[in-house]
file final09.cif (mmCIF, C-alpha atoms)
data_start
#
loop_
_atom_site.label_atom_id
_atom_site.label_comp_id
_atom_site.auth_asym_id
_atom_site.auth_seq_id
_atom_site.Cartn_x
_atom_site.Cartn_y
_atom_site.Cartn_z
CA MET A 1078 -129.32 172.80 117.47
CA THR A 1079 -132.63 172.79 115.64
CA ASP A 1080 -134.00 170.94 118.68
CA PHE A 1081 -133.01 173.87 120.87
CA GLU A 1082 -134.58 176.30 118.45
CA ALA A 1083 -137.76 174.25 118.36
CA ALA A 1084 -137.79 174.30 122.16
CA GLY A 1085 -137.48 178.10 122.07
CA VAL A 1086 -134.13 178.12 123.84
CA LYS A 1087 -131.12 180.32 123.15
CA VAL A 1088 -127.72 178.62 123.38
CA TYR A 1089 -124.49 180.45 124.28
CA VAL A 1090 -120.99 179.00 124.41
CA LEU A 1091 -118.37 181.03 126.26
CA SER A 1092 -114.62 180.47 126.44
CA TYR A 1093 -111.41 182.48 126.83
CA ASP A 1094 -110.68 182.27 123.09
CA GLU A 1095 -110.37 185.25 120.79
CA ALA A 1096 -113.42 186.22 118.73
CA GLY A 1097 -111.50 185.33 115.57
CA ALA A 1098 -110.84 181.77 116.70
CA MET A 1099 -114.53 181.42 117.51
CA ALA A 1100 -115.53 182.73 114.09
CA ASP A 1101 -113.35 180.03 112.51
CA TYR A 1102 -114.85 177.40 114.75
CA LYS A 1103 -118.39 178.49 113.86
CA ALA A 1104 -117.63 178.35 110.15
CA ALA A 1105 -115.84 175.00 110.39
CA HIS A 1106 -118.65 173.32 112.31
CA ASN A 1107 -121.65 175.17 110.87
CA ALA A 1108 -122.45 176.18 114.42
CA ASN A 1109 -125.47 178.42 114.82
CA PHE A 1110 -125.29 179.08 118.54
CA THR A 1111 -123.88 182.34 119.84
CA MET A 1112 -120.23 182.15 120.83
CA LEU A 1113 -119.04 184.58 123.48
CA SER A 1114 -115.39 185.55 123.70
CA ASP A 1115 -113.92 186.26 127.14
CA PRO A 1116 -110.18 186.56 126.42
CA ASN A 1117 -109.33 188.12 129.79
CA SER A 1118 -111.61 185.69 131.64
CA ASP A 1119 -113.64 188.59 133.07
CA VAL A 1120 -116.98 186.79 132.81
CA ILE A 1121 -115.40 183.57 134.08
CA ARG A 1122 -114.16 185.49 137.14
CA THR A 1123 -117.54 187.18 137.67
CA PHE A 1124 -119.11 183.74 137.87
CA GLY A 1125 -116.39 182.65 140.31
CA ILE A 1126 -115.42 179.62 138.23
CA LEU A 1127 -111.87 180.51 137.15
CA ASN A 1128 -109.70 177.41 137.47
CA THR A 1129 -107.33 178.75 140.13
CA LEU A 1130 -105.34 175.51 140.19
CA VAL A 1131 -103.66 176.71 137.00
CA ALA A 1132 -100.76 179.05 137.80
CA GLU A 1133 -101.02 182.58 136.46
CA ASP A 1134 -97.80 182.21 134.45
CA ASP A 1135 -98.79 178.83 133.00
CA HIS A 1136 -99.44 179.89 129.42
CA PRO A 1137 -101.73 179.40 127.67
CA TRP A 1138 -103.77 177.37 130.11
CA TYR A 1139 -104.32 180.09 132.70
CA GLY A 1140 -107.75 181.67 132.33
CA ILE A 1141 -109.81 178.54 131.74
CA PRO A 1142 -112.97 177.98 133.78
CA TYR A 1143 -114.10 174.93 135.60
CA PRO A 1144 -116.25 173.93 132.64
CA GLY A 1145 -119.98 173.62 133.17
CA VAL A 1146 -123.43 174.53 131.92
CA TYR A 1147 -126.15 176.75 133.35
CA ILE A 1148 -129.80 176.46 132.35
CA THR A 1149 -132.12 179.42 132.91
CA ASP A 1150 -135.85 179.88 132.65
CA ALA A 1151 -137.52 182.68 130.69
CA ASP A 1152 -136.87 185.08 133.62
CA GLY A 1153 -133.15 184.37 133.54
CA VAL A 1154 -133.21 182.43 136.81
CA ILE A 1155 -130.90 179.41 136.98
CA THR A 1156 -133.01 176.26 137.07
CA GLU A 1157 -130.23 173.68 136.75
CA LYS A 1158 -126.49 173.51 136.35
CA PHE A 1159 -124.15 170.74 135.33
CA PHE A 1160 -120.52 170.60 136.43
CA GLU A 1161 -118.18 167.61 136.54
CA ASN A 1162 -114.65 167.44 137.91
CA ASN A 1163 -113.12 166.04 134.75
CA PHE A 1164 -113.08 168.59 131.91
CA GLN A 1165 -112.84 165.69 129.51
CA VAL A 1166 -116.53 164.94 129.71
CA ARG A 1167 -119.27 167.33 128.61
CA PRO A 1168 -123.03 166.91 128.93
CA GLY A 1169 -124.70 165.88 125.70
CA PRO A 1170 -127.57 167.84 124.17
CA GLU A 1171 -130.17 165.33 125.41
CA GLN A 1172 -129.35 166.21 129.01
CA LEU A 1173 -129.55 169.96 128.34
CA LEU A 1174 -132.78 169.67 126.39
CA ALA A 1175 -134.39 167.59 129.12
CA ALA A 1176 -133.39 170.29 131.61
CA VAL A 1177 -134.89 173.16 129.60
CA ARG A 1178 -138.02 171.37 128.52
CA GLY A 1179 -138.80 169.77 131.81
CA GLU A 1180 -139.55 166.12 131.76
CA GLU A 1181 -142.85 164.80 130.57
CA VAL A 1182 -143.52 161.26 131.56
CA LEU A 1183 -145.92 159.65 129.17
CA LEU A 1184 -146.50 156.48 131.04
CA LYS A 1185 -149.88 154.84 131.22
CA GLU A 1186 -151.96 155.85 134.19
CA ARG A 1187 -152.89 152.99 136.43
CA SER A 1188 -154.96 152.80 139.56
CA GLY A 1189 -156.20 150.27 142.06
CA ALA A 1190 -154.91 149.24 145.46
CA ASP A 1191 -152.57 146.59 144.11
CA ALA A 1192 -151.08 148.78 141.38
CA GLU A 1193 -147.33 148.31 141.20
CA VAL A 1194 -144.45 150.52 140.29
CA THR A 1195 -143.36 150.10 136.70
CA VAL A 1196 -140.21 151.34 135.04
CA GLU A 1197 -139.09 151.96 131.49
CA ILE A 1198 -135.36 152.17 130.86
CA GLU A 1199 -133.91 153.91 127.86
CA PHE A 1200 -130.50 154.90 126.52
CA GLU A 1201 -131.08 158.42 125.27
CA GLY A 1202 -128.96 159.22 122.25
CA ASP A 1203 -127.94 157.36 119.14
CA SER A 1204 -124.23 156.93 119.90
CA LEU A 1205 -121.63 157.33 122.62
CA PRO A 1206 -118.61 159.33 121.46
CA VAL A 1207 -115.57 159.57 123.72
CA GLY A 1208 -116.00 162.27 126.34
CA LEU A 1209 -119.57 163.28 125.59
CA SER A 1210 -122.14 162.09 128.07
CA ARG A 1211 -125.45 160.54 127.17
CA GLN A 1212 -127.98 159.33 129.68
CA ILE A 1213 -129.52 156.17 130.86
CA VAL A 1214 -133.04 157.27 131.73
CA ALA A 1215 -135.33 155.37 134.09
CA ARG A 1216 -138.93 156.52 134.02
CA PHE A 1217 -140.92 155.19 136.93
CA SER A 1218 -144.66 155.32 137.28
CA VAL A 1219 -145.38 155.26 141.00
CA PRO A 1220 -149.04 154.65 141.95
CA GLU A 1221 -150.70 157.07 144.33
CA GLY A 1222 -149.90 156.34 147.97
CA LYS A 1223 -146.55 154.77 147.15
CA HIS A 1224 -143.09 156.27 147.06
CA LEU A 1225 -139.48 155.46 146.23
CA TYR A 1226 -136.46 156.52 148.27
CA GLU A 1227 -133.67 158.87 147.35
CA GLY A 1228 -130.29 157.74 148.64
CA PRO A 1229 -128.68 157.49 151.08
CA VAL A 1230 -131.01 155.22 153.01
CA PRO A 1231 -130.52 153.21 156.21
CA GLU A 1232 -129.57 149.58 155.91
CA GLY A 1233 -132.47 147.38 154.90
CA LEU A 1234 -133.96 149.84 152.43
CA ILE A 1235 -133.06 150.20 148.76
CA ALA A 1236 -132.84 153.67 147.23
CA ALA A 1237 -134.05 154.16 143.67
CA GLY A 1238 -131.06 154.46 141.37
CA ILE A 1239 -129.28 153.48 138.18
CA GLU A 1240 -126.02 151.58 138.52
CA LEU A 1241 -123.45 150.38 136.02
CA ASP A 1242 -121.95 146.92 136.43
CA ASP A 1243 -118.55 146.95 138.12
CA GLN A 1244 -117.01 145.24 135.13
CA SER A 1245 -118.21 147.93 132.70
CA GLU A 1246 -114.63 148.96 132.05
CA GLY A 1247 -114.24 152.13 130.07
CA ILE A 1248 -117.77 153.34 130.79
CA ILE A 1249 -117.94 156.05 133.44
CA ALA A 1250 -120.98 157.21 135.37
CA TYR A 1251 -121.29 160.90 136.26
CA THR A 1252 -123.55 162.91 138.55
CA PRO A 1253 -127.14 161.59 138.51
CA VAL A 1254 -129.89 164.04 137.58
CA THR A 1255 -132.82 163.46 139.89
CA PRO A 1256 -136.22 165.09 140.46
CA GLN A 1257 -137.44 166.92 143.53
CA THR A 1258 -138.12 164.92 146.65
CA ARG A 1259 -140.39 165.30 149.64
CA PRO A 1260 -139.18 164.61 153.19
CA MET A 1261 -141.09 161.80 154.88
CA THR A 1262 -140.73 160.61 158.45
CA LEU A 1263 -140.95 156.84 158.87
CA SER A 1264 -143.48 155.72 161.45
CA GLY A 1265 -141.24 152.98 162.86
CA ASP A 1266 -137.92 154.49 163.85
CA GLY A 1267 -138.60 158.17 163.14
CA HIS A 1268 -135.97 158.41 160.38
CA THR A 1269 -136.68 161.22 157.93
CA LEU A 1270 -135.93 160.24 154.35
CA ASN A 1271 -136.41 161.97 151.02
CA VAL A 1272 -138.92 160.28 148.76
CA TYR A 1273 -139.94 160.42 145.13
CA GLU A 1274 -143.62 160.26 144.27
CA GLY A 1275 -145.76 160.17 141.15
CA ASP A 1276 -143.94 159.95 137.86
CA VAL A 1277 -140.24 159.82 138.64
CA VAL A 1278 -137.48 160.28 136.08
CA LEU A 1279 -133.92 159.44 137.03
CA ARG A 1280 -131.04 160.16 134.66
CA LEU A 1281 -127.53 158.80 134.89
CA PRO A 1282 -125.06 160.56 132.58
CA VAL A 1283 -122.55 158.05 131.22
CA ALA A 1284 -119.49 158.54 129.05
CA GLN A 1285 -116.72 156.36 127.73
CA ASN A 1286 -112.98 156.94 127.83
CA GLY A 1287 -112.09 155.23 124.54
CA ARG A 1288 -111.22 151.85 126.02
CA ALA A 1289 -114.64 150.28 125.91
CA MET A 1290 -114.91 150.17 122.15
CA GLU A 1291 -115.19 146.98 120.17
CA LYS A 1292 -114.71 147.03 116.44
CA ASP A 1293 -116.40 144.89 113.83
CA GLU A 1294 -117.19 145.23 110.12
CA ASP A 1295 -120.13 147.52 110.92
CA GLY A 1296 -118.05 149.97 112.93
CA ARG A 1297 -117.25 150.65 116.54
CA TRP A 1298 -119.53 149.85 119.45
CA VAL A 1299 -119.74 150.11 123.19
CA SER A 1300 -121.81 148.03 125.57
CA ILE A 1301 -123.37 149.58 128.64
CA ASN A 1302 -124.65 147.14 131.22
CA GLY A 1303 -126.15 147.66 134.61
CA CYS A 1304 -129.36 147.72 136.56
CA VAL A 1305 -132.04 149.96 137.95
CA ARG A 1306 -132.89 149.25 141.58
CA TRP A 1307 -135.70 150.45 143.77
CA GLN A 1308 -138.05 149.52 146.54
CA ALA A 1309 -141.61 150.80 146.63
CA CYS A 1310 -143.20 151.58 149.96
CA ASP A 1311 -146.43 153.05 151.25
CA SER A 1312 -147.05 154.53 154.69
CA GLU A 1313 -147.52 151.04 156.16
CA SER A 1314 -145.04 148.74 154.54
CA CYS A 1315 -142.50 148.13 151.83
CA GLY A 1316 -142.45 145.79 148.90
CA LEU A 1317 -139.49 143.60 148.04
CA PRO A 1318 -136.41 145.22 146.51
CA GLU A 1319 -136.67 145.23 142.73
CA GLU A 1320 -133.99 145.12 140.11
CA HIS A 1321 -134.31 145.52 136.34
CA ARG A 1322 -131.23 144.88 134.26
CA PHE A 1323 -130.37 146.85 131.15
CA SER A 1324 -127.93 146.20 128.36
CA PHE A 1325 -127.39 148.66 125.53
CA ARG A 1326 -125.03 148.32 122.60
CA VAL A 1327 -124.62 151.60 120.77
CA PRO A 1328 -122.37 153.00 118.05
CA ALA A 1329 -119.21 154.59 119.42
CA GLU A 1330 -116.67 156.96 117.99
CA PHE A 1331 -113.74 159.14 118.88
CA SER A 1332 -114.73 162.76 119.20
CA VAL A 1333 -112.97 165.93 118.20
CA MET A 1334 -111.41 167.42 121.32
CA GLY A 1335 -109.70 170.16 119.39
CA ASP A 1336 -109.21 170.90 115.74
CA MET A 1337 -105.45 170.76 115.92
CA GLY A 1338 -104.88 168.59 112.93
CA PRO A 1339 -105.62 165.25 111.34
CA GLY A 1340 -105.96 162.02 113.26
CA GLU A 1341 -108.36 159.18 113.58
CA GLY A 1342 -111.88 160.49 113.97
CA ARG A 1343 -110.76 164.05 113.51
CA VAL A 1344 -111.64 166.47 110.82
CA PRO A 1345 -109.06 169.20 110.42
CA ALA A 1346 -111.78 171.70 109.72
CA MET A 1347 -110.17 174.71 111.30
CA ASN A 1348 -106.55 175.54 111.81
CA GLY A 1349 -106.52 175.33 115.59
CA ALA A 1350 -102.74 175.22 115.73
CA ALA A 1351 -102.43 178.72 114.28
CA HIS A 1352 -104.91 180.14 116.82
CA PHE A 1353 -103.08 178.30 119.55
CA GLN A 1354 -99.79 179.94 118.61
CA GLU A 1355 -101.44 183.36 118.51
CA MET A 1356 -102.87 182.78 121.94
CA MET A 1357 -99.45 181.71 123.29
CA ALA A 1358 -97.82 184.79 121.81
CA ARG A 1359 -100.42 187.20 123.17
CA ARG A 1360 -100.35 185.73 126.65
CA GLN A 1361 -96.58 185.66 126.89
CA THR A 1362 -96.24 189.33 125.96
CA GLU A 1363 -98.89 190.42 128.45
CA VAL A 1364 -97.68 191.33 131.91
CA MET B 70 -113.04 176.51 149.81
CA GLU B 71 -109.75 174.62 149.68
CA ILE B 72 -109.51 173.22 146.18
CA GLU B 73 -107.43 170.13 145.68
CA ARG B 74 -105.74 169.15 142.43
CA ASP B 75 -106.49 165.73 140.97
CA THR B 76 -103.16 164.13 140.13
CA ARG B 77 -104.35 160.53 140.18
CA GLY B 78 -103.35 158.50 137.17
CA ALA B 79 -100.48 156.61 135.60
CA GLU B 80 -97.89 156.90 132.85
CA LEU B 81 -98.63 154.36 130.15
CA GLY B 82 -95.80 155.16 127.76
CA PRO B 83 -94.15 158.07 125.97
CA ASN B 84 -96.61 160.99 125.99
CA GLN B 85 -99.38 158.71 127.20
CA TYR B 86 -100.87 159.36 130.59
CA GLU B 87 -104.17 158.15 131.89
CA ASP B 88 -106.21 159.97 134.51
CA ALA B 89 -108.35 158.44 137.25
CA GLU B 90 -111.20 157.87 134.82
CA GLY B 91 -109.01 156.16 132.24
CA TYR B 92 -108.87 158.98 129.69
CA ILE B 93 -105.53 159.06 127.91
CA ALA B 94 -103.72 162.27 126.92
CA PRO B 95 -100.15 163.47 126.30
CA LEU B 96 -99.81 165.28 129.65
CA PRO B 97 -100.05 163.88 133.18
CA ALA B 98 -103.25 164.40 135.15
CA GLY B 99 -103.03 167.60 137.20
CA SER B 100 -100.88 169.54 134.75
CA GLY B 101 -101.57 172.18 132.11
CA PRO B 102 -104.84 171.57 130.29
CA ARG B 103 -105.52 168.52 132.47
CA THR B 104 -105.77 170.52 135.68
CA ASN B 105 -108.91 169.10 137.25
CA PRO B 106 -110.12 169.58 140.79
CA LEU B 107 -110.48 166.62 143.15
CA GLY B 108 -113.58 166.78 145.29
CA GLU B 109 -115.40 170.08 145.77
CA PHE B 110 -114.76 173.04 143.54
CA PRO B 111 -116.63 176.30 142.85
CA THR B 112 -119.50 176.01 140.40
CA GLY B 113 -120.64 179.64 140.53
CA PRO B 114 -124.10 181.01 141.18
CA ALA B 115 -126.63 178.61 142.66
CA VAL B 116 -129.83 177.20 141.23
CA GLY B 117 -132.59 179.69 142.06
CA GLU B 118 -130.36 182.74 141.59
CA ARG B 119 -130.59 185.00 138.56
CA LEU B 120 -127.85 184.26 136.04
CA PRO B 121 -125.30 187.11 136.42
CA ASP B 122 -125.09 189.65 133.61
CA VAL B 123 -122.92 188.55 130.72
CA VAL B 124 -121.86 191.36 128.42
CA THR B 125 -119.02 190.49 126.08
CA SER B 126 -118.00 190.18 122.45
CA ASP B 127 -119.43 187.49 120.18
CA SER B 128 -117.47 185.73 117.44
CA ASP B 129 -118.07 188.66 115.08
CA GLY B 130 -116.80 191.22 117.56
CA ARG B 131 -120.27 192.56 118.39
CA ILE B 132 -121.04 193.21 122.05
CA VAL B 133 -123.78 190.89 123.28
CA ASP B 134 -125.77 191.36 126.47
CA LEU B 135 -126.98 187.83 127.14
CA HIS B 136 -130.12 188.74 129.07
CA ALA B 137 -131.20 191.29 126.44
CA ASP B 138 -130.23 188.98 123.59
CA ARG B 139 -132.21 185.98 124.81
CA ASN B 140 -135.29 188.17 124.46
CA GLY B 141 -137.45 186.51 127.10
CA GLN B 142 -136.43 182.98 126.12
CA PRO B 143 -134.82 180.40 128.39
CA ALA B 144 -131.08 180.05 127.87
CA VAL B 145 -128.32 177.47 127.98
CA LEU B 146 -124.92 178.97 128.84
CA VAL B 147 -121.98 176.62 128.30
CA PHE B 148 -118.58 177.48 129.80
CA THR B 149 -115.98 175.53 127.90
CA ARG B 150 -112.19 175.44 128.15
CA SER B 151 -111.38 176.42 124.61
CA VAL B 152 -112.62 175.91 121.10
CA VAL B 153 -109.03 175.79 119.89
CA TRP B 154 -107.44 172.98 121.91
#
call {"tool": "encode", "arguments": {"input": "final09.cif", "output": "structure tokens"}}
result
Amino acid sequence: MTDFEAAGVKVYVLSYDEAGAMADYKAAHNANFTMLSDPNSDVIRTFGILNTLVAEDDHPWYGIPYPGVYITDADGVITEKFFENNFQVRPGPEQLLAAVRGEEVLLKERSGADAEVTVEIEFEGDSLPVGLSRQIVARFSVPEGKHLYEGPVPEGLIAAGIELDDQSEGIIAYTPVTPQTRPMTLSGDGHTLNVYEGDVVLRLPVAQNGRAMEKDEDGRWVSINGCVRWQACDSESCGLPEEHRFSFRVPAEFSVMGDMGPGEGRVPAMNGAAHFQEMMARRQTEV
Amino acid sequence: MEIERDTRGAELGPNQYEDAEGYIAPLPAGSGPRTNPLGEFPTGPAVGERLPDVVTSDSDGRIVDLHADRNGQPAVLVFTRSVVW
């Protein structure tokens, strides 16, 4: 949170919980963001993100949103938003901070006709808890006059992208975060493709479902293996397809999905069960 | 928009169900708290639009107007299922 403060960003968390439950949550977790209570899901409806797959009489689940995050600029205009189908995964703070700060690429400037594309690959974050996404970040430095392709591309070309190995069981890739592109028409066949130019930062949010963890005397770990692929072209011709492999081994842990009680990796910091019962009671007596 | 329910998954044992991404929970995918959409689903106002007004109670029962409260700063607004479960 101090990172958000330092970046001059206000953070709000909204749910259909009662204000009292949120106050408990804030105290239990030392949270210093603003929590907004929307017990009748009015705000959720205004945004048009009420989960309408839940039946109205399905207590207490009815009223939840399709969970997601909006980022605004100083004028209150939405600059990015992050939504995934599975509620079980949430974007980590690194992804949100990158979105509010904008991305600064601090790669060395290079010039010359034979300058090549370089890439630095990083796992951003110091651990991978279950259900919280971190990112694999690929920062490309693309010399002037060259470009990379955004997918999809016709056969024979390679789009720039980050891919996990097929056998990375238990590690799940989510929606890539990619920079703006420019349309470019190929001289040969007249195809128009979207290209990345200059300093290009690709982010692949990844999460784990709890099955990828190995345990040793130092704790729990997950391994994340894959590759970054691209092909650099200029207006005349293309270079060979390139592939850089990555392999990260990072600390892993279970995460608290709800403070309902004790359990491995859980801290029974707030009495969620009591709030849950209150919520059930209130919703069942409402017509 | 026709929204489809994601019921993919398997029963692993008593009160143990995995969803399509391999997460394990006590209820089958597509039911109760695990009601996820398959494919497209509404994600609200688009990038480039002004964030709609949000005026509601905070955890202390005070009414907060998000746009006034952020006081000219950028904002992150997280919609989450619940802080209880």
call {"tool": "residues_around", "arguments": {"input": "final09.cif", "residues": "B:Pro114", "least_positions_apart": "5", "cutoff": "8 Å", "atoms": "only C-alpha atoms", "output": "VMD selection string"}}
result
(chain A and resid 1124 to 1125) or (chain B and resid 120 to 121)
call {"tool": "closest_residue", "arguments": {"input": "final09.cif", "among": "B:Gly113, B:Ile132, B:Ala137, B:Gly78", "to": "chain A", "atoms": "only C-alpha atoms"}}
result
B:Gly113
call {"tool": "atom_distance", "arguments": {"input": "final09.cif", "atom1": "atom CA of A:Asp1080", "atom2": "atom CA of A:Ala1250"}}
result
25.2 Å
call {"tool": "closest_residue", "arguments": {"input": "final09.cif", "among": "A:Ala1108, A:Ala1358, A:Leu1281, A:Ala1215", "to": "chain B", "atoms": "all atoms listed in the file"}}
result
A:Ala1108
call {"tool": "residues_around", "arguments": {"input": "final09.cif", "residues": "A:Ser1264", "least_positions_apart": "5", "cutoff": "10 Å", "atoms": "all atoms listed in the file", "output": "ChimeraX atom specification"}}
result
/A:1269,1312-1314
call {"tool": "closest_residue", "arguments": {"input": "final09.cif", "among": "B:Ser100, B:Thr112, B:Ser128, B:Thr149", "to": "A:Asp1101", "atoms": "only C-alpha atoms"}}
result
B:Ser128
call {"tool": "resolve_selection", "arguments": {"input": "final09.cif", "expression": "the PyMOL selection byres ((chain B) within 7 of (chain A))", "output": "VMD selection string"}}
result
chain B and resid 74 91 to 92 101 to 102 104 to 107 111 to 114 116 to 120 123 125 to 130 136 139 141 to 154
call {"tool": "residues_near_point", "arguments": {"input": "final09.cif", "point": "(-138.3, 153.9, 130.2)", "cutoff": "8 Å", "atoms": "only C-alpha atoms", "output": "list in words"}}
result
Val1196, Glu1197, Ile1198, Glu1199, Val1214, Ala1215, Arg1216 and Phe1217 of chain A
call {"tool": "atom_distance", "arguments": {"input": "final09.cif", "atom1": "atom CA of A:Ala1175", "atom2": "atom CA of A:Gly1275"}}
result
18.1 Å
